[in-house]
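Here the structure is laid out as structure tokens; the discussion comes afterwards.
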Amino acid sequence: MEPTERSKKMVHPWINASVHFLLCFAVGALLAVAPLAATGASSASSIRSAFLGPFGDVHRAVAAPPPAAQDLGLLLIVTVTRPDDGMAQDASVARLAHTLRHVAPPLLWIVVGAKNRTATARTVQLLRGTGLMFRHLTYDATNFSGDGAGDEVDHQRNVALSHIDRHRLNGVVHFAGASSVYDLRFFQTLRQTRDFSAWPVATISNSMGASKNSSYDHPTINTSGIGFRSSLLWNSDRSLIRRNSSGATRDFMHIVQEIVTLDENKLKGIPSECFESQIMLWHMDMPTFTLKTAEEKKIQQQQNLTKSNEDPTT
């Protein structure tokens, strides 16, 4: 056999294999294009993606600009506590914690309490067991007497707002009472606050006493009934004036009240359809029950008897 005939016989199988490969490739290409043609997607990009599969846009994905940062909707829940409430306060904080655990993150719970080694340790231990992200802040309560309860509460809130301002915690601030009861839809709507929001607060009480509030030059505002974007603390013109005039002491609560009072047209109602009078926040104003000993009860009965004997109308 001549060399030329032998070489032709050796090349012939490779030709058959090449033709077979091309036919399989053509059939596969037709099967890939057929679904696109059935759905009417005939663009070059669609066909290209069908051939290249999930790795076809790797280069384009790397070259694309990063998406804009989304508003995470951080909620800054501020709760103030009093050192003399003892276990009753702990019970209220624990109940509020169970409510906040059902709120979608991100959420930062800021709890403010007086400097007290025993009470602070007990509160921090309680907060750690909630599974919530929290910060516990303290203040010196020696300068506050029992008659200045409203001033002390405002000071506690100023401690929290100062912390928010110092660390530029951007989110929606809400002053949550430890004894408050919430509808979970309230927090979902609160996240949509861009300036500040307001809502009705229902108070449930069986006492006729009135709480004392701090005195300002403008009407007192129920701080539990407002929420605001924390950036107002450092972006507002009033906050800049207040800082320059007050020096180291910054009355953030006064700033918030001024903003709410003078910019009422920017208030957003929660719920937006306020005519329905839908309440999503209740404040429980109940007197504290103190268990008295037998001797204390006897003294109280004697005092009541003496008082009735001295009253001529009885």
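Convention: chains lettered A, B, ... in structure tokens order; per-chain residue numbering from 1; ligands numbered from 1 as shown.
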So that I can check the secondary structure, give me every residue of region 74-115 of chain A assigned helix (DSSP H, G or I) by backbone DSSP, as a list in words.
Pro83, Asp84, Asp85, Gly86, Met87, Ala88, Gln89, Asp90, Ala91, Ser92, Val93, Ala94, Arg95, Leu96, Ala97, His98, Thr99 and Leu100 of chain A
Keeping only N, CA and C atoms, write the selected residues to a file as a PDB file, in the first residue's frame.
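Final file, part13.pdb:
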ATOM      1  N   PRO A  83     -34.121  54.204  90.012  1.00  0.00           N
ATOM      2  CA  PRO A  83     -33.483  53.230  90.904  1.00  0.00           C
ATOM      3  C   PRO A  83     -34.371  52.758  92.036  1.00  0.00           C
ATOM      4  N   ASP A  84     -35.429  53.503  92.360  1.00  0.00           N
ATOM      5  CA  ASP A  84     -36.234  53.152  93.525  1.00  0.00           C
ATOM      6  C   ASP A  84     -37.426  52.261  93.182  1.00  0.00           C
ATOM      7  N   ASP A  85     -37.547  51.852  91.923  1.00  0.00           N
ATOM      8  CA  ASP A  85     -38.680  51.017  91.538  1.00  0.00           C
ATOM      9  C   ASP A  85     -38.416  49.532  91.752  1.00  0.00           C
ATOM     10  N   GLY A  86     -37.158  49.154  91.913  1.00  0.00           N
ATOM     11  CA  GLY A  86     -36.813  47.785  92.280  1.00  0.00           C
ATOM     12  C   GLY A  86     -37.296  46.743  91.286  1.00  0.00           C
ATOM     13  N   MET A  87     -37.848  45.669  91.824  1.00  0.00           N
ATOM     14  CA  MET A  87     -38.262  44.530  91.005  1.00  0.00           C
ATOM     15  C   MET A  87     -39.422  44.874  90.091  1.00  0.00           C
ATOM     16  N   ALA A  88     -40.263  45.831  90.502  1.00  0.00           N
ATOM     17  CA  ALA A  88     -41.360  46.240  89.628  1.00  0.00           C
ATOM     18  C   ALA A  88     -40.819  46.817  88.325  1.00  0.00           C
ATOM     19  N   GLN A  89     -39.741  47.606  88.417  1.00  0.00           N
ATOM     20  CA  GLN A  89     -39.113  48.161  87.216  1.00  0.00           C
ATOM     21  C   GLN A  89     -38.515  47.049  86.362  1.00  0.00           C
ATOM     22  N   ASP A  90     -37.873  46.077  87.005  1.00  0.00           N
ATOM     23  CA  ASP A  90     -37.296  44.956  86.266  1.00  0.00           C
ATOM     24  C   ASP A  90     -38.373  44.179  85.516  1.00  0.00           C
ATOM     25  N   ALA A  91     -39.524  44.015  86.149  1.00  0.00           N
ATOM     26  CA  ALA A  91     -40.617  43.296  85.485  1.00  0.00           C
ATOM     27  C   ALA A  91     -41.109  44.058  84.259  1.00  0.00           C
ATOM     28  N   SER A  92     -41.202  45.393  84.371  1.00  0.00           N
ATOM     29  CA  SER A  92     -41.647  46.202  83.234  1.00  0.00           C
ATOM     30  C   SER A  92     -40.634  46.165  82.103  1.00  0.00           C
ATOM     31  N   VAL A  93     -39.349  46.243  82.445  1.00  0.00           N
ATOM     32  CA  VAL A  93     -38.302  46.180  81.415  1.00  0.00           C
ATOM     33  C   VAL A  93     -38.312  44.825  80.730  1.00  0.00           C
ATOM     34  N   ALA A  94     -38.493  43.751  81.500  1.00  0.00           N
ATOM     35  CA  ALA A  94     -38.538  42.414  80.902  1.00  0.00           C
ATOM     36  C   ALA A  94     -39.723  42.275  79.957  1.00  0.00           C
ATOM     37  N   ARG A  95     -40.870  42.833  80.336  1.00  0.00           N
ATOM     38  CA  ARG A  95     -42.042  42.757  79.456  1.00  0.00           C
ATOM     39  C   ARG A  95     -41.810  43.531  78.163  1.00  0.00           C
ATOM     40  N   LEU A  96     -41.216  44.736  78.274  1.00  0.00           N
ATOM     41  CA  LEU A  96     -40.917  45.504  77.071  1.00  0.00           C
ATOM     42  C   LEU A  96     -39.903  44.778  76.199  1.00  0.00           C
ATOM     43  N   ALA A  97     -38.949  44.090  76.826  1.00  0.00           N
ATOM     44  CA  ALA A  97     -37.957  43.330  76.062  1.00  0.00           C
ATOM     45  C   ALA A  97     -38.615  42.251  75.221  1.00  0.00           C
ATOM     46  N   HIS A  98     -39.608  41.568  75.773  1.00  0.00           N
ATOM     47  CA  HIS A  98     -40.306  40.521  75.009  1.00  0.00           C
ATOM     48  C   HIS A  98     -41.045  41.131  73.813  1.00  0.00           C
ATOM     49  N   THR A  99     -41.515  42.367  73.958  1.00  0.00           N
ATOM     50  CA  THR A  99     -42.144  43.035  72.818  1.00  0.00           C
ATOM     51  C   THR A  99     -41.113  43.369  71.753  1.00  0.00           C
ATOM     52  N   LEU A 100     -39.993  43.954  72.153  1.00  0.00           N
ATOM     53  CA  LEU A 100     -38.973  44.375  71.196  1.00  0.00           C
ATOM     54  C   LEU A 100     -38.326  43.184  70.491  1.00  0.00           C
TER      55      LEU A 100
END
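The residue that comes closest to Leu132 (chain A), out of A:Ile77, A:Val159, A:Ile226, A:Val153 and on the basis of only C-alpha atoms, is A:Ile77.
The protein and nucleic acid residues lying at most 7 Å from region 189-193 of chain A are A:Gly73, A:Leu75, A:Val172, A:Arg185, A:Ser197, A:Phe228, A:Arg229, A:Ile270, with only C-alpha atoms considered and sequence neighbours fewer than 4 positions away removed.
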Pull C-alpha atoms from the residues just selected and write them as a PDB file, in the first residue's frame.
ATOM      1  CA  GLY A  73     -34.357  51.693  59.141  1.00  0.00           C
ATOM      2  CA  LEU A  75     -34.803  52.031  65.442  1.00  0.00           C
ATOM      3  CA  VAL A 172     -35.506  56.899  64.255  1.00  0.00           C
ATOM      4  CA  ARG A 185     -47.530  47.460  63.535  1.00  0.00           C
ATOM      5  CA  SER A 197     -43.888  61.569  63.480  1.00  0.00           C
ATOM      6  CA  PHE A 228     -37.884  61.742  64.969  1.00  0.00           C
ATOM      7  CA  ARG A 229     -34.884  61.101  62.769  1.00  0.00           C
ATOM      8  CA  ILE A 270     -49.141  57.294  62.839  1.00  0.00           C
TER       9      ILE A 270
END
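Closest approach to Arg82 (chain A) among A:Met133, A:Ile204, A:Ala176, A:Val111 is made by A:Val111 (distances from only C-alpha atoms).
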